[in-house]
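File shown: query36.cif. Contents: mmCIF, C-alpha atoms and all ligand atoms.
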```cif
data_entry
loop_
_atom_site.label_atom_id
_atom_site.label_comp_id
_atom_site.auth_asym_id
_atom_site.auth_seq_id
_atom_site.Cartn_x
_atom_site.Cartn_y
_atom_site.Cartn_z
CA MET H 1 76.40 119.32 -28.18
CA ASN H 2 73.69 121.16 -26.31
CA GLY H 3 70.72 119.84 -28.24
CA LEU H 4 71.66 116.23 -27.84
CA SER H 5 72.24 116.67 -24.15
CA ALA H 6 68.84 118.40 -23.89
CA LEU H 7 67.29 115.38 -25.59
CA ASP H 8 69.24 113.05 -23.35
CA ARG H 9 68.13 115.02 -20.30
CA PHE H 10 64.53 114.87 -21.44
CA LEU H 11 64.53 111.11 -22.00
CA HIS H 12 66.26 110.39 -18.71
CA THR H 13 63.89 109.10 -16.00
CA ASP H 14 64.77 108.98 -12.34
CA PRO H 15 63.60 105.80 -10.58
CA GLU H 16 63.14 107.84 -7.39
CA ASP H 17 60.65 110.18 -9.08
CA VAL H 18 57.40 109.84 -7.11
CA GLY H 19 55.17 111.38 -9.78
CA CYS H 20 52.89 114.39 -9.63
CA GLY H 21 50.33 112.90 -7.26
CA GLN H 22 52.64 112.39 -4.35
CA ALA H 23 54.67 115.50 -5.06
CA MET H 24 51.51 117.61 -4.99
CA GLU H 25 50.36 115.87 -1.82
CA LEU H 26 53.57 116.83 -0.05
CA LEU H 27 54.28 120.15 -1.74
CA HIS H 28 53.29 122.34 1.22
CA LEU H 29 55.61 120.39 3.53
CA TYR H 30 58.41 120.47 1.00
CA ALA H 31 57.91 124.22 0.51
CA GLU H 32 58.04 125.04 4.21
CA LEU H 33 61.30 123.23 4.61
CA ALA H 34 62.69 124.51 1.30
CA ALA H 35 61.86 128.10 2.25
CA THR H 36 64.59 127.99 4.87
CA ASN H 37 66.77 125.13 3.62
CA ALA H 38 66.38 123.84 0.07
CA GLU H 39 68.97 121.11 0.58
CA ALA H 40 67.26 119.77 3.68
CA ALA H 41 63.96 119.60 1.79
CA ALA H 42 65.58 117.72 -1.10
CA GLU H 43 67.24 115.37 1.34
CA ARG H 44 64.16 114.65 3.41
CA TYR H 45 61.81 114.28 0.45
CA ARG H 46 64.15 112.66 -2.05
CA GLY H 47 61.42 111.32 -4.31
CA VAL H 48 59.72 114.71 -4.46
CA ALA H 49 63.03 116.42 -5.22
CA ALA H 50 63.65 113.90 -8.03
CA HIS H 51 60.20 114.66 -9.38
CA LEU H 52 60.66 118.42 -9.20
CA ARG H 53 63.85 118.13 -11.27
CA ASP H 54 61.88 116.56 -14.12
CA CYS H 55 58.37 118.00 -13.87
CA GLY H 56 58.05 121.59 -15.04
CA PRO H 57 54.47 122.10 -13.83
CA CYS H 58 55.14 120.85 -10.28
CA LYS H 59 58.32 122.90 -10.10
CA GLU H 60 56.36 125.96 -11.20
CA ASP H 61 53.81 125.26 -8.46
CA LEU H 62 56.57 125.03 -5.88
CA GLU H 63 57.97 128.35 -7.02
CA GLY H 64 54.52 129.89 -6.83
CA LEU H 65 53.99 128.51 -3.36
CA LEU H 66 57.35 129.81 -2.16
CA ALA H 67 56.57 133.22 -3.64
CA ALA H 68 53.18 133.28 -1.89
CA MET H 69 54.75 132.31 1.43
CA THR H 70 57.28 135.08 1.33
CA GLU H 71 54.92 137.80 0.14
CA PRO H 72 54.26 140.27 2.94
CA ARG H 73 50.75 140.09 4.30
CA PRO H 74 48.72 143.07 5.49
CA MET P 1 57.05 117.45 23.45
CA ALA P 2 56.56 113.94 22.05
CA VAL P 3 54.09 115.10 19.43
CA VAL P 4 56.62 117.38 17.83
CA ARG P 5 59.19 114.63 17.66
CA VAL P 6 56.73 112.29 15.95
CA ARG P 7 56.10 114.94 13.34
CA TYR P 8 59.70 115.55 12.50
CA VAL P 9 61.05 112.04 12.32
CA MET P 10 58.46 110.83 9.87
CA PRO P 11 59.66 110.76 6.29
CA ALA P 12 57.71 111.38 3.14
CA ASP P 13 54.70 109.18 3.81
CA PRO P 14 51.92 111.38 5.17
CA THR P 15 49.56 108.45 5.78
CA THR P 16 51.65 107.24 8.69
CA LEU P 17 51.49 110.51 10.56
CA ASP P 18 49.99 110.78 13.97
CA ASP P 19 46.33 110.77 13.06
CA GLY P 20 45.05 110.05 16.52
CA LEU P 21 46.54 113.14 18.11
CA ASP P 22 44.72 116.36 18.61
CA ALA P 23 45.92 118.52 15.75
CA SER P 24 44.94 121.78 17.42
CA SER P 25 47.41 121.18 20.25
CA ARG P 26 50.41 121.42 17.95
CA LEU P 27 49.31 124.23 15.69
CA ASP P 28 50.92 127.62 15.77
CA PRO P 29 48.47 130.22 17.10
CA GLU P 30 47.59 131.68 13.72
CA SER P 31 46.87 128.28 12.15
CA ALA P 32 44.90 127.20 15.21
CA GLU P 33 42.79 130.34 14.91
CA TRP P 34 42.05 129.64 11.24
CA VAL P 35 41.00 126.07 11.98
CA ARG P 36 38.91 127.10 14.95
CA ALA P 37 37.09 129.84 13.04
CA LEU P 38 36.58 127.85 9.82
CA THR P 39 35.24 124.79 11.61
CA GLY P 40 33.01 126.90 13.81
CA SER P 41 29.65 128.33 12.89
CA GLY P 42 27.66 131.47 12.42
CA ALA P 43 28.97 134.96 11.85
CA GLU P 44 32.45 134.14 13.05
CA ARG P 45 32.87 131.38 10.49
CA GLU P 46 31.46 133.58 7.76
CA ALA P 47 33.92 136.31 8.64
CA ALA P 48 36.79 133.80 8.50
CA VAL P 49 35.61 132.58 5.09
CA VAL P 50 35.57 136.15 3.80
CA ARG P 51 39.07 136.74 5.19
CA LEU P 52 40.34 133.52 3.68
CA HIS P 53 38.86 134.42 0.31
CA GLU P 54 40.65 137.77 0.38
CA LEU P 55 43.90 136.05 1.17
CA LEU P 56 43.43 133.46 -1.58
CA LEU P 57 42.51 136.10 -4.10
CA ARG P 58 45.65 138.05 -3.32
CA VAL P 59 47.77 134.93 -3.72
CA ALA P 60 45.97 134.00 -6.95
CA ARG P 61 46.54 137.48 -8.38
CA GLY P 62 50.19 137.37 -7.39
CA GLU P 63 50.62 133.95 -8.96
CA VAL P 64 48.85 134.87 -12.18
CA ARG P 65 51.02 137.97 -12.40
CA ARG P 66 54.15 135.93 -11.72
CA ARG P 67 53.26 133.62 -14.60
CA SER P 68 51.85 136.23 -16.95
CA GLY P 69 55.02 136.29 -19.00
CA LEU P 70 54.08 132.89 -20.33
CA LEU P 71 50.49 133.79 -20.99
CA ARG P 72 49.09 135.81 -23.79
CA VAL P 73 46.28 137.10 -21.66
CA ASP P 74 45.35 140.67 -20.82
CA GLY P 75 44.51 142.31 -17.51
CA PRO P 76 40.76 141.67 -17.08
CA GLU P 77 41.13 138.07 -18.25
CA LEU P 78 43.97 137.49 -15.82
CA ASP P 79 41.94 138.91 -13.00
CA ASP P 80 38.97 136.75 -13.95
CA LEU P 81 41.25 133.72 -13.85
CA ALA P 82 42.52 134.73 -10.40
CA HIS P 83 38.95 135.14 -9.13
CA GLN P 84 37.96 131.70 -10.39
CA ALA P 85 41.04 130.11 -8.86
CA ALA P 86 40.41 131.79 -5.49
CA ALA P 87 36.74 130.76 -5.46
CA ASP P 88 37.51 127.12 -6.30
CA ALA P 89 40.37 126.97 -3.82
CA LEU P 90 38.09 128.37 -1.11
CA LEU P 91 35.58 125.58 -1.75
CA ALA P 92 38.31 122.93 -1.70
CA ILE P 93 39.82 124.28 1.52
CA THR P 94 36.56 124.60 3.42
CA SER P 95 35.49 121.11 2.42
CA LYS P 96 38.89 119.58 3.23
CA ILE P 97 39.70 121.46 6.41
CA GLY P 98 39.21 118.23 8.36
CA GLN P 99 42.19 116.80 6.46
CA PHE P 100 44.52 119.58 7.57
CA ARG P 101 46.93 117.83 9.92
CA GLY P 102 48.88 120.79 11.15
CA GLU P 103 52.12 119.54 9.64
CA SER P 104 52.62 122.94 8.07
CA ARG P 105 51.21 126.37 8.73
CA PHE P 106 47.58 126.61 7.71
CA SER P 107 48.41 129.39 5.27
CA THR P 108 50.98 127.25 3.40
CA TRP P 109 48.50 124.40 3.14
CA ALA P 110 45.79 126.77 1.92
CA TYR P 111 48.03 128.54 -0.59
CA LYS P 112 48.84 125.19 -2.16
CA PHE P 113 45.20 124.82 -3.19
CA VAL P 114 45.07 128.20 -4.86
CA ILE P 115 48.38 127.65 -6.66
CA PHE P 116 47.06 124.34 -8.03
CA GLU P 117 43.87 126.06 -9.11
CA VAL P 118 45.82 128.75 -10.93
CA SER P 119 47.82 126.06 -12.77
CA SER P 120 44.72 124.19 -13.73
CA LYS P 121 42.91 127.34 -14.92
CA ILE P 122 45.92 128.38 -16.96
CA GLY P 123 45.98 124.89 -18.50
CA ARG P 124 42.35 125.21 -19.50
CA HIS P 125 42.86 128.75 -20.71
CA PHE P 126 45.47 127.54 -23.21
CA TRP P 127 42.73 126.29 -25.51
CA ARG P 128 40.94 129.61 -25.53
CA ARG P 129 43.81 131.24 -27.31
CA PRO P 130 43.68 131.34 -31.10
CA GLN P 131 45.31 128.09 -32.13
CA VAL P 132 47.65 127.65 -35.00
CA PRO P 133 46.40 124.51 -36.73
CA LEU P 134 49.10 121.89 -36.48
CA GLU P 135 49.83 118.90 -38.56
CA ALA P 136 49.06 115.83 -36.49
CA GLU P 137 52.72 114.91 -36.23
CA ASP P 138 55.26 117.37 -37.46
CA TRP P 139 58.62 115.80 -36.86
CA GLU P 140 60.35 118.75 -38.46
CA ARG P 141 59.69 120.65 -35.25
CA LEU P 142 61.57 118.18 -33.09
CA PRO P 143 65.14 119.41 -33.71
CA ASP P 144 64.02 122.92 -32.81
CA ARG P 145 62.36 121.73 -29.59
CA PHE P 146 65.69 120.47 -28.37
CA GLY P 147 67.70 123.35 -29.75
CA LEU P 148 69.51 121.20 -32.31
CA ASP P 149 71.63 123.28 -34.62
CA PRO P 150 70.54 122.89 -38.28
CA ALA P 151 74.14 123.53 -39.34
CA ARG P 152 75.14 120.33 -37.54
CA GLU P 153 72.29 118.22 -38.86
CA SER P 154 74.69 115.48 -39.94
CA GLU P 155 75.42 114.88 -36.26
CA TRP P 156 71.85 114.41 -35.12
CA ARG P 157 69.76 113.45 -38.16
CA GLU P 158 70.23 109.74 -37.66
CA LEU P 159 69.38 109.91 -33.97
CA ILE P 160 66.20 111.87 -34.62
CA THR P 161 65.21 109.30 -37.26
CA ALA P 162 65.80 106.52 -34.75
CA LEU P 163 63.80 108.41 -32.12
CA ARG P 164 60.91 108.79 -34.52
CA ARG P 165 61.02 105.11 -35.35
CA ALA P 166 61.01 104.27 -31.64
CA VAL P 167 58.02 106.55 -31.04
CA GLU P 168 56.17 104.75 -33.84
CA THR P 169 57.09 101.21 -32.88
CA GLU P 170 57.70 101.16 -29.13
CA LEU P 171 55.01 103.38 -27.66
CA THR P 172 51.37 102.57 -27.02
CA ASP P 173 48.80 104.73 -28.83
CA ARG P 174 48.22 106.75 -25.66
CA GLN P 175 51.93 107.26 -25.04
CA ARG P 176 52.42 108.31 -28.66
CA GLN P 177 49.54 110.77 -28.46
CA VAL P 178 50.92 112.38 -25.31
CA PHE P 179 54.46 112.49 -26.74
CA VAL P 180 53.24 114.15 -29.93
CA GLU P 181 51.16 116.75 -28.10
CA ILE P 182 53.76 117.67 -25.53
CA VAL P 183 57.00 117.30 -27.45
CA LEU P 184 56.12 117.99 -31.07
CA ASN P 185 53.16 120.32 -30.63
CA GLY P 186 54.49 122.03 -27.51
CA VAL P 187 51.23 121.70 -25.59
CA PRO P 188 51.80 122.38 -21.88
CA LEU P 189 51.17 119.39 -19.63
CA ASP P 190 48.34 121.08 -17.72
CA ALA P 191 46.67 122.09 -20.98
CA LEU P 192 46.77 118.50 -22.19
CA VAL P 193 45.40 117.37 -18.83
CA ALA P 194 42.47 119.75 -19.30
CA ARG P 195 41.78 118.55 -22.83
CA LEU P 196 41.97 114.87 -21.96
CA GLY P 197 39.87 115.39 -18.83
CA SER P 198 42.64 113.60 -16.98
CA ASN P 199 44.91 114.60 -14.11
CA ARG P 200 48.50 115.72 -13.98
CA ASN P 201 49.72 112.55 -12.31
CA ALA P 202 48.26 110.28 -15.01
CA VAL P 203 49.57 112.32 -17.96
CA TYR P 204 53.01 112.71 -16.37
CA LYS P 205 53.13 108.94 -15.81
CA ILE P 206 52.27 108.25 -19.46
CA MET P 207 55.06 110.58 -20.52
CA PHE P 208 57.44 109.11 -17.93
CA ASP P 209 56.89 105.60 -19.28
CA ALA P 210 57.28 106.85 -22.85
CA ARG P 211 60.57 108.59 -22.02
CA ARG P 212 61.92 105.45 -20.39
CA LYS P 213 60.95 103.24 -23.31
CA LEU P 214 62.44 105.62 -25.88
CA ARG P 215 65.69 105.93 -24.00
CA THR P 216 65.97 102.15 -23.73
CA ALA P 217 65.20 101.74 -27.43
CA LEU P 218 67.79 104.31 -28.48
CA ALA P 219 70.41 102.85 -26.20
CA ALA P 220 69.70 99.39 -27.63
CA HIS P 221 70.52 100.82 -31.04
CA GLY P 222 73.82 102.04 -29.72
CA TYR P 223 73.27 105.78 -29.66
CA PRO P 224 76.15 107.06 -27.65
CA HIS P 225 74.55 110.40 -26.75
CA VAL P 226 71.83 108.59 -24.88
CA ASN P 227 73.46 107.38 -21.75
CA THR P 228 71.49 104.59 -20.08
CA SER P 229 73.08 105.11 -16.72
CA GLU P 230 70.60 106.31 -14.09
CA GLN P 231 73.34 108.38 -12.50
CA ARG P 232 73.59 111.99 -13.46
ZN ZN H 301 54.64 116.84 -11.49
#
```
Re-express the file's structure as structure tokens.
Amino acid sequence: MNGLSALDRFLHTDPEDVGCGQAMELLHLYAELAATNAEAAAERYRGVAAHLRDCGPCKEDLEGLLAAMTEPRP
Amino acid sequence: MAVVRVRYVMPADPTTLDDGLDASSRLDPESAEWVRALTGSGAEREAAVVRLHELLLRVARGEVRRRSGLLRVDGPELDDLAHQAAADALLAITSKIGQFRGESRFSTWAYKFVIFEVSSKIGRHFWRRPQVPLEAEDWERLPDRFGLDPARESEWRELITALRRAVETELTDRQRQVFVEIVLNGVPLDALVARLGSNRNAVYKIMFDARRKLRTALAAHGYPHVNTSEQR
């Protein structure tokens, strides 16, 4: 059942999750690596990757940062 | 070059990075130019600040536009939000430029500030929208939040009742408050951060601890849908 697995997913906590503070601290480094190799970024910053899987706001920030990095500049 | 190797073998802990080395020697030319100009003085610095502001404003506008689907905000308001985010990011960047270690391009480091400012402004903006008054704790909304099918209520009713009981008995007042706001009332995390005058890390941690406690409590009551394994 989808709903129950959504609830299960929501309640699940990853012990590797570093929290927003550290994820935000490292987000620019994560983004630069992720821009060319998402898997390498997740591997090198495991705790950040774990956090980004569970934290909507930090994940949104990463997406914003990646979008800004790839936007052509004048 | 030894400096480069030091940079790339270090894992996630930024505090152990090579502080003593001259950052400018390992910057790409564009980043080095930004740092040089912004830490300089006079007309050249002013010109760099103006250039940086333009860049930040463009990123802020792009980001606000990217997120505008989630926001019930119109054009001028969005642009105002982008201007505020760019101005605050500019202040943060110019005051923290000494902390830029050259581990990334300067632009990536700088964009991070403006993205964070956009998030924070959007969080604050949430409360300026007309609010639908909510009951303090409306548990009837919970099934909908998790997409539970009303037609199959018999399958989840008991679990939801147990979850509610766990929220009431296992959580601290603060954890319960954050759970109710985020899960039942659907308040975005950054909006709650703004209202509590807190920070994202602290509110996330409260919610993290609450999630862990609730999962443990449900598992202790033998709910099979809630798997206690940490493996996914
Ligand atoms: Zn986060």
For chain P against chain H, which residues fall within 7 Å using all atoms listed in the file, given as an MDAnalysis selection string? chainID P and resid 11:12 59 63 104 108:109 111:112 115:116 146:148 200:201 204:205 208 211:212 215 225:226 230
Could you please determine the separation between atom CA of P:Leu38 and atom CA of P:Glu117 in Å, to one decimal place?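 Going from atom CA of P:Leu38 over to atom CA of P:Glu117 covers 20.4 Å.
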Would you please work out which residue, of H:Ala42, H:Ala35, H:Thr70, H:Ala49, is nearest to ligand ZN 301 (chain H) when using all atoms listed in the file?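 The shortest atom-to-atom distance to ligand ZN 301 (chain H) comes from H:Ala49.
For the pair atom CA of P:Gln99 and atom CA of P:Glu33, the interatomic distance is 16.0 Å.
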I'd like the neighbourhood of P:Gly123 as a list in words, where a residue qualifies if any of its atoms comes within 7 Å (using only C-alpha atoms), though same-chain residues fewer than 4 positions away should be ignored.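 Residues near the query, excluding close chain neighbours: Ser119, Asp190, Ala191 and Ala194 of chain P.
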For a test of reading the model, state the distance in Å between atom CA of P:Trp139 and atom CA of P:Leu184, rounded to one decimal. 6.7 Å
Distance query P:Arg164 at most 12 Å, all atoms listed in the file, self and fewer than 2 positions along chain excluded, as a PDB file with C-alpha atoms, keeping the file's coordinate frame:
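Dumped to selection-v1.pdb:
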```pdb
ATOM      1  CA  GLU P 137      52.720 114.910 -36.230  1.00  0.00           C
ATOM      2  CA  ASP P 138      55.260 117.370 -37.460  1.00  0.00           C
ATOM      3  CA  TRP P 139      58.620 115.800 -36.860  1.00  0.00           C
ATOM      4  CA  GLU P 140      60.350 118.750 -38.460  1.00  0.00           C
ATOM      5  CA  ARG P 141      59.690 120.650 -35.250  1.00  0.00           C
ATOM      6  CA  LEU P 142      61.570 118.180 -33.090  1.00  0.00           C
ATOM      7  CA  PRO P 143      65.140 119.410 -33.710  1.00  0.00           C
ATOM      8  CA  ARG P 157      69.760 113.450 -38.160  1.00  0.00           C
ATOM      9  CA  GLU P 158      70.230 109.740 -37.660  1.00  0.00           C
ATOM     10  CA  LEU P 159      69.380 109.910 -33.970  1.00  0.00           C
ATOM     11  CA  ILE P 160      66.200 111.870 -34.620  1.00  0.00           C
ATOM     12  CA  THR P 161      65.210 109.300 -37.260  1.00  0.00           C
ATOM     13  CA  ALA P 162      65.800 106.520 -34.750  1.00  0.00           C
ATOM     14  CA  ALA P 166      61.010 104.270 -31.640  1.00  0.00           C
ATOM     15  CA  VAL P 167      58.020 106.550 -31.040  1.00  0.00           C
ATOM     16  CA  GLU P 168      56.170 104.750 -33.840  1.00  0.00           C
ATOM     17  CA  THR P 169      57.090 101.210 -32.880  1.00  0.00           C
ATOM     18  CA  GLU P 170      57.700 101.160 -29.130  1.00  0.00           C
ATOM     19  CA  LEU P 171      55.010 103.380 -27.660  1.00  0.00           C
ATOM     20  CA  ARG P 176      52.420 108.310 -28.660  1.00  0.00           C
ATOM     21  CA  PHE P 179      54.460 112.490 -26.740  1.00  0.00           C
ATOM     22  CA  VAL P 180      53.240 114.150 -29.930  1.00  0.00           C
ATOM     23  CA  VAL P 183      57.000 117.300 -27.450  1.00  0.00           C
ATOM     24  CA  LEU P 184      56.120 117.990 -31.070  1.00  0.00           C
ATOM     25  CA  LEU P 214      62.440 105.620 -25.880  1.00  0.00           C
ATOM     26  CA  ARG P 215      65.690 105.930 -24.000  1.00  0.00           C
ATOM     27  CA  ALA P 217      65.200 101.740 -27.430  1.00  0.00           C
ATOM     28  CA  LEU P 218      67.790 104.310 -28.480  1.00  0.00           C
TER      29      LEU P 218
END
```
Find, counting all atoms listed in the file, the residue in P:Ala202, P:Ile122, P:Ala48, P:Ala89 that gets nearest to P:Arg65.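 Nearest candidate to P:Arg65 out of P:Ala202, P:Ile122, P:Ala48, P:Ala89: P:Ile122.
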Ranking P:Ala110, P:Met207, P:Ala37, P:Gly69 by minimum distance to ligand ZN 301 (chain H) and counting all atoms listed in the file, which one comes first? P:Met207
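Closest approach to ligand ZN 301 (chain H) from the set H:Thr36, H:Glu16, H:Lys59, H:Glu43 is made by H:Lys59, with distances taken over all atoms listed in the file.
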Could you rebuild stretch 29-39 of chain H with all heavy atoms and give it back as a compact mmCIF listing (two decimals), in the coordinates of the input?
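Below you can see rebuild_6.txt, which holds the result:
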```txt
# COMPACT_ATOMS: atom_id res chain seq x y z
N LEU H 29 54.58 120.75 2.54
CA LEU H 29 55.61 120.39 3.53
C LEU H 29 57.00 120.64 2.95
O LEU H 29 57.89 121.17 3.62
CB LEU H 29 55.46 118.92 3.94
CG LEU H 29 54.08 118.53 4.48
CD1 LEU H 29 54.04 117.05 4.84
CD2 LEU H 29 53.71 119.39 5.68
N TYR H 30 57.13 120.24 1.69
CA TYR H 30 58.41 120.47 1.00
C TYR H 30 58.72 121.98 0.98
O TYR H 30 59.84 122.40 1.27
CB TYR H 30 58.30 119.93 -0.43
CG TYR H 30 59.63 119.87 -1.15
CD1 TYR H 30 60.38 118.69 -1.17
CD2 TYR H 30 60.14 120.98 -1.80
CE1 TYR H 30 61.60 118.63 -1.82
CE2 TYR H 30 61.36 120.93 -2.46
CZ TYR H 30 62.08 119.75 -2.47
OH TYR H 30 63.30 119.70 -3.11
N ALA H 31 57.71 122.76 0.64
CA ALA H 31 57.91 124.22 0.51
C ALA H 31 58.32 124.85 1.83
O ALA H 31 59.20 125.71 1.86
CB ALA H 31 56.65 124.88 -0.03
N GLU H 32 57.69 124.43 2.92
CA GLU H 32 58.04 125.04 4.21
C GLU H 32 59.48 124.76 4.59
O GLU H 32 60.17 125.64 5.11
CB GLU H 32 57.08 124.59 5.31
CG GLU H 32 55.87 125.46 5.32
CD GLU H 32 55.08 125.44 6.62
OE1 GLU H 32 55.41 124.68 7.54
OE2 GLU H 32 54.10 126.20 6.67
N LEU H 33 59.91 123.56 4.30
CA LEU H 33 61.30 123.23 4.61
C LEU H 33 62.24 123.93 3.62
O LEU H 33 63.26 124.51 4.00
CB LEU H 33 61.48 121.71 4.57
CG LEU H 33 62.76 121.10 5.11
CD1 LEU H 33 63.11 121.67 6.48
CD2 LEU H 33 62.63 119.58 5.20
N ALA H 34 61.85 123.91 2.34
CA ALA H 34 62.69 124.51 1.30
C ALA H 34 62.83 126.02 1.47
O ALA H 34 63.85 126.60 1.09
CB ALA H 34 62.14 124.19 -0.09
N ALA H 35 61.81 126.65 2.08
CA ALA H 35 61.86 128.10 2.25
C ALA H 35 63.05 128.51 3.10
O ALA H 35 63.62 129.58 2.91
CB ALA H 35 60.56 128.60 2.89
N THR H 36 63.44 127.66 4.03
CA THR H 36 64.59 127.99 4.87
C THR H 36 65.83 127.18 4.49
O THR H 36 66.94 127.64 4.70
CB THR H 36 64.29 127.75 6.36
OG1 THR H 36 63.78 126.43 6.51
CG2 THR H 36 63.28 128.74 6.88
N ASN H 37 65.62 125.98 3.92
CA ASN H 37 66.77 125.13 3.62
C ASN H 37 66.43 124.17 2.48
O ASN H 37 65.89 123.09 2.70
CB ASN H 37 67.15 124.34 4.89
CG ASN H 37 68.47 123.61 4.73
OD1 ASN H 37 68.92 123.33 3.61
ND2 ASN H 37 69.09 123.27 5.85
N ALA H 38 66.74 124.61 1.26
CA ALA H 38 66.38 123.84 0.07
C ALA H 38 67.03 122.45 0.08
O ALA H 38 66.42 121.46 -0.32
CB ALA H 38 66.77 124.60 -1.19
N GLU H 39 68.27 122.40 0.56
CA GLU H 39 68.97 121.11 0.58
C GLU H 39 68.34 120.14 1.55
O GLU H 39 68.23 118.94 1.26
CB GLU H 39 70.44 121.32 0.97
CG GLU H 39 71.31 121.67 -0.21
CD GLU H 39 72.76 121.92 0.20
OE1 GLU H 39 73.21 121.33 1.19
OE2 GLU H 39 73.41 122.73 -0.48
```
